[in-house]
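Okay, coords_27.csv is below, CSV, C-alpha atoms:
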```csv
chain,number,residue,atom,x,y,z
A,1,MET,CA,-8.9,229.5,64.4
A,2,ALA,CA,-10.3,233.0,64.7
A,3,GLN,CA,-9.6,235.9,62.3
A,4,LEU,CA,-9.3,239.3,63.9
A,5,VAL,CA,-9.1,242.6,62.0
A,6,LEU,CA,-7.2,245.1,64.1
A,7,THR,CA,-7.4,248.8,63.5
A,8,VAL,CA,-4.6,250.7,65.1
A,9,VAL,CA,-3.8,254.3,65.6
A,10,GLY,CA,-1.3,256.3,67.7
A,11,ASP,CA,1.4,258.9,67.7
A,12,ASP,CA,4.2,257.6,65.4
A,13,ARG,CA,7.3,256.5,67.3
A,14,PRO,CA,10.1,253.9,66.9
A,15,GLY,CA,9.1,250.4,67.8
A,16,ILE,CA,5.3,250.8,67.4
A,17,VAL,CA,5.0,248.0,64.9
A,18,GLN,CA,7.3,245.7,66.9
A,19,SER,CA,5.2,246.3,70.0
A,20,LEU,CA,2.1,245.3,68.2
A,21,ALA,CA,3.8,242.3,66.5
A,22,HIS,CA,5.3,241.1,69.8
A,23,THR,CA,1.9,241.2,71.5
A,24,VAL,CA,0.3,239.2,68.6
A,25,ALA,CA,3.1,236.7,68.7
A,26,ALA,CA,2.9,236.3,72.5
A,27,TYR,CA,-0.6,235.0,72.2
A,28,GLY,CA,0.2,232.7,69.4
A,29,GLY,CA,-1.3,235.0,66.7
A,30,ASN,CA,-0.2,234.8,63.1
A,31,TRP,CA,0.2,238.2,61.4
A,32,GLN,CA,-1.5,237.5,58.0
A,33,ARG,CA,-1.8,240.8,56.2
A,34,SER,CA,-1.5,244.5,56.9
A,35,GLU,CA,-1.6,248.1,55.6
A,36,LEU,CA,0.3,250.4,57.8
A,37,ALA,CA,1.3,254.1,57.3
A,38,GLU,CA,2.5,257.3,59.0
A,39,LEU,CA,0.0,260.0,58.3
A,40,ALA,CA,0.7,263.6,59.5
A,41,GLY,CA,2.7,262.3,62.5
A,42,ALA,CA,0.2,259.6,63.4
A,43,PHE,CA,0.7,255.9,62.9
A,44,ALA,CA,-2.4,254.1,61.5
A,45,GLY,CA,-3.2,250.8,60.0
A,46,ILE,CA,-5.2,247.7,59.7
A,47,VAL,CA,-3.9,244.2,60.4
A,48,LEU,CA,-5.4,240.8,59.8
A,49,VAL,CA,-4.4,238.3,62.5
A,50,GLU,CA,-5.2,234.6,62.9
A,51,VAL,CA,-5.3,233.3,66.5
A,52,ALA,CA,-6.6,230.2,68.3
A,53,ASP,CA,-10.2,230.6,69.4
A,54,ASP,CA,-9.3,230.2,73.1
A,55,ALA,CA,-6.7,233.0,72.8
A,56,VAL,CA,-9.1,235.7,71.4
A,57,ASP,CA,-10.1,237.3,74.7
A,58,ALA,CA,-6.6,237.3,76.2
A,59,LEU,CA,-5.1,238.8,73.0
A,60,THR,CA,-7.9,241.4,72.8
A,61,THR,CA,-7.2,242.5,76.4
A,62,ALA,CA,-3.4,242.6,75.8
A,63,LEU,CA,-3.9,244.8,72.7
A,64,ALA,CA,-6.1,247.2,74.7
A,65,ASP,CA,-3.3,247.6,77.2
A,66,LEU,CA,-0.6,248.6,74.7
A,67,PRO,CA,0.8,252.1,75.6
A,68,ALA,CA,0.2,255.0,73.3
A,69,LEU,CA,-1.7,252.9,70.7
A,70,ARG,CA,-5.4,252.5,70.3
A,71,VAL,CA,-6.4,249.1,68.9
A,72,SER,CA,-9.9,248.1,67.9
A,73,VAL,CA,-10.6,244.4,67.4
A,74,HIS,CA,-13.2,243.0,65.0
A,75,LEU,CA,-13.8,239.3,65.0
A,76,THR,CA,-14.6,238.2,61.5
A,77,THR,CA,-15.5,235.1,59.6
A,78,HIS,CA,-13.4,234.1,56.6
A,79,ALA,CA,-15.5,234.8,53.6
A,80,PRO,CA,-14.7,233.2,50.2
A,81,ASP,CA,-13.3,235.5,47.5
A,82,PRO,CA,-16.3,237.3,46.0
A,83,ALA,CA,-17.5,236.1,42.6
A,84,GLY,CA,-18.0,238.5,39.8
A,85,SER,CA,-15.7,240.9,38.0
A,86,ARG,CA,-12.7,242.9,39.3
A,87,LEU,CA,-12.2,246.5,38.3
A,88,THR,CA,-8.9,248.4,39.0
A,89,PHE,CA,-8.2,251.9,38.0
A,90,THR,CA,-6.3,255.1,38.8
A,91,VAL,CA,-7.7,258.6,39.2
A,92,LEU,CA,-5.4,261.6,38.7
A,93,GLY,CA,-6.3,265.3,38.6
A,94,ASN,CA,-6.2,268.7,40.2
A,95,ASP,CA,-7.0,268.3,43.9
A,96,ARG,CA,-10.3,269.6,45.1
A,97,PRO,CA,-12.8,268.6,47.8
A,98,GLY,CA,-15.3,265.9,46.8
A,99,ILE,CA,-13.3,263.7,44.3
A,100,VAL,CA,-13.4,260.7,46.6
A,101,ASN,CA,-17.1,261.2,47.3
A,102,ASP,CA,-17.8,261.4,43.5
A,103,VAL,CA,-15.8,258.4,42.6
A,104,THR,CA,-17.0,256.1,45.4
A,105,ARG,CA,-20.7,257.2,44.8
A,106,ALA,CA,-20.3,256.1,41.2
A,107,LEU,CA,-19.2,252.7,42.4
A,108,SER,CA,-21.6,252.2,45.3
A,109,VAL,CA,-24.8,253.1,43.5
A,110,ARG,CA,-24.0,250.3,41.0
A,111,GLY,CA,-23.3,247.8,43.8
A,112,LEU,CA,-19.5,247.6,43.6
A,113,THR,CA,-17.5,247.1,46.7
A,114,ILE,CA,-14.1,248.5,47.2
A,115,ASP,CA,-11.3,246.0,48.0
A,116,ALA,CA,-8.5,248.5,48.2
A,117,PHE,CA,-8.3,252.3,48.0
A,118,THR,CA,-5.0,254.2,48.2
A,119,SER,CA,-4.7,258.0,47.7
A,120,SER,CA,-2.4,260.8,48.1
A,121,VAL,CA,-2.1,264.5,47.3
A,122,PHE,CA,1.2,266.0,46.0
A,123,ASP,CA,2.6,269.2,44.6
A,124,ALA,CA,2.7,269.6,40.8
A,125,PRO,CA,5.4,272.2,40.4
A,126,MET,CA,5.2,272.4,36.6
A,127,ALA,CA,1.4,272.9,36.8
A,128,GLY,CA,1.5,275.2,39.8
A,129,GLY,CA,-0.9,273.4,42.0
A,130,THR,CA,-1.7,270.2,43.9
A,131,LEU,CA,-2.6,266.9,42.3
A,132,PHE,CA,-4.8,264.1,43.7
A,133,GLU,CA,-4.1,260.5,42.8
A,134,ALA,CA,-6.0,257.4,43.9
A,135,SER,CA,-5.6,253.7,43.0
A,136,ILE,CA,-8.8,251.7,43.5
A,137,ALA,CA,-9.6,248.1,43.2
A,138,ALA,CA,-13.3,247.1,43.4
A,139,HIS,CA,-15.4,244.1,42.5
A,140,ALA,CA,-18.8,243.8,40.8
A,141,ALA,CA,-21.4,241.1,40.9
A,142,SER,CA,-20.9,240.6,37.1
A,143,ALA,CA,-19.0,241.7,34.1
A,144,ALA,CA,-22.1,243.7,32.9
A,145,VAL,CA,-22.2,245.6,36.2
A,146,ALA,CA,-18.4,246.3,35.9
A,147,ASP,CA,-19.0,247.6,32.4
A,148,ASP,CA,-21.7,249.9,33.6
A,149,ALA,CA,-19.5,251.2,36.3
A,150,THR,CA,-16.7,251.7,33.8
A,151,ALA,CA,-18.9,253.8,31.6
A,152,ALA,CA,-20.2,255.8,34.5
A,153,LEU,CA,-16.6,256.5,35.7
A,154,GLU,CA,-15.5,257.6,32.3
A,155,GLN,CA,-18.4,260.1,32.1
A,156,LEU,CA,-17.6,261.3,35.7
A,157,ALA,CA,-14.0,261.8,34.8
A,158,GLY,CA,-15.0,264.2,32.1
A,159,GLU,CA,-17.4,266.1,34.4
A,160,ILE,CA,-14.9,266.5,37.3
A,161,GLN,CA,-11.9,266.9,34.9
A,162,VAL,CA,-9.6,264.0,36.1
A,163,ASP,CA,-7.7,261.4,34.1
A,164,LEU,CA,-8.9,257.9,34.6
A,165,THR,CA,-6.7,254.9,33.7
A,166,PHE,CA,-8.1,251.3,33.9
A,167,ASP,CA,-5.8,248.4,34.6
A,168,ALA,CA,-6.1,245.4,32.3
A,169,SER,CA,-7.1,242.4,34.5
```
Let's see the structure in the file written out as structure tokens.
Amino acid sequence: MAQLVLTVVGDDRPGIVQSLAHTVAAYGGNWQRSELAELAGAFAGIVLVEVADDAVDALTTALADLPALRVSVHLTTHAPDPAGSRLTFTVLGNDRPGIVNDVTRALSVRGLTIDAFTSSVFDAPMAGGTLFEASIAAHAASAAVADDATAALEQLAGEIQVDLTFDAS
């Protein structure tokens, strides 16, 4: 069996997920995991699909022909769960350009990889501004590396004036 990571984007409309799901199912594909969202009137997402090796080309062609939806297909190999230490945390603060860059740089220079990153910006009526919030899950090669990243993130939080909350795990 082959694993395909699909990235999808198009103008949001009723039935867009069903159209994608129908095409995957028509070629014997099994929808494994997904993250889908409407963003500013666009529909975007990623989907992990498992399909028989001999159906990969036909499914890829069918996905390319879906109306009003651009689908990119990445054939991947199933990698084992990474060893090491997991780090999950939330960042919350006044919105400003560069927060994501600062936080992800603190992780990447220490060799952490991001497993999940979810963010949003929302009005803070009581504070009279806009807040940025991100939930991040990353993994490090070892507990020592995760501890180093935690210390760096705590220092960064003070510098860029955001609240940082680590999840116990």
Identify the residues within 12 Å of coordinate (2.9, 237.5, 57.4) (same frame as the file), considering all atoms listed in the file, and give the answer as an MDAnalysis selection string. chainID A and resid 21 24:25 29:35 47:50
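The two atoms in question, atom CA of A:Gly93 and atom CA of A:Ala141, are spaced 28.6 Å apart.
Reported to one decimal place, the separation of atom CA of A:Leu156 from atom CA of A:Ser85 is 20.6 Å.
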Can you pull out the residues contacting A:His74? Cut-off 9 Å, using all atoms listed in the file, and skip same-chain residues under 4 positions away; I want them as JSON, numbers by chain. {"A": [3, 4, 5, 6, 7]}
How big is the axis-aligned box, and where does its centre sit, when it encloses all atoms of stretch 60-74 of chain A listed in the file and has 6 Å added on every side, reported in Å to one decimal as JSON?
```
{"center_x": -6.2, "center_y": 248.2, "center_z": 71.1, "size_x": 26.0, "size_y": 25.6, "size_z": 24.2}
```
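Using only C-alpha atoms, the nearest neighbour of A:Ala64 within the list A:Asn101, A:Arg96, A:Val9, A:Ala83 is A:Val9.
When atom CA of A:Val17 is paired with atom CA of A:Ser119, their separation reads 22.1 Å.
All protein and nucleic acid residues in the vicinity of (-6.6, 250.0, 65.5), that is within 8 Å when counting all atoms listed in the file, are Leu6, Thr7, Val8, Val9, Ala44, Gly45, Ile46, Leu69, Arg70, Val71, Ser72 and Val73 of chain A.
Considering the residues A:Leu36, A:Ser19, A:Ala157, A:Asn94 and counting all atoms listed in the file, A:Ala127 has its shortest atom-to-atom contact with A:Asn94.
Counting only C-alpha atoms, the residue from A:Ala140, A:Ala124, A:Leu59, A:Val103 that sits nearest to A:Glu154 is A:Val103.
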Considering all atoms listed in the file, state which residue in the set A:Ala2, A:Asp95, A:Thr60, A:Asp65 is at the smallest distance from A:Gly129. A:Asp95
Pick out the closest residue to A:Gln161 from this set: A:Ala55, A:Ala26, A:Val91, A:Ile16. Count only C-alpha atoms. A:Val91
A:Leu131 proximity check over A:Val109, A:Ile160, A:Leu92, A:Ile114, using all atoms listed in the file: winner is A:Leu92
Stretch 143-149 of chain A surroundings by all atoms listed in the file, 12 Å radius, close-in-sequence under 2 positions cut, as a PyMOL selection string: chain A and resi 83-89+103-113+137-141+151-156+166+169
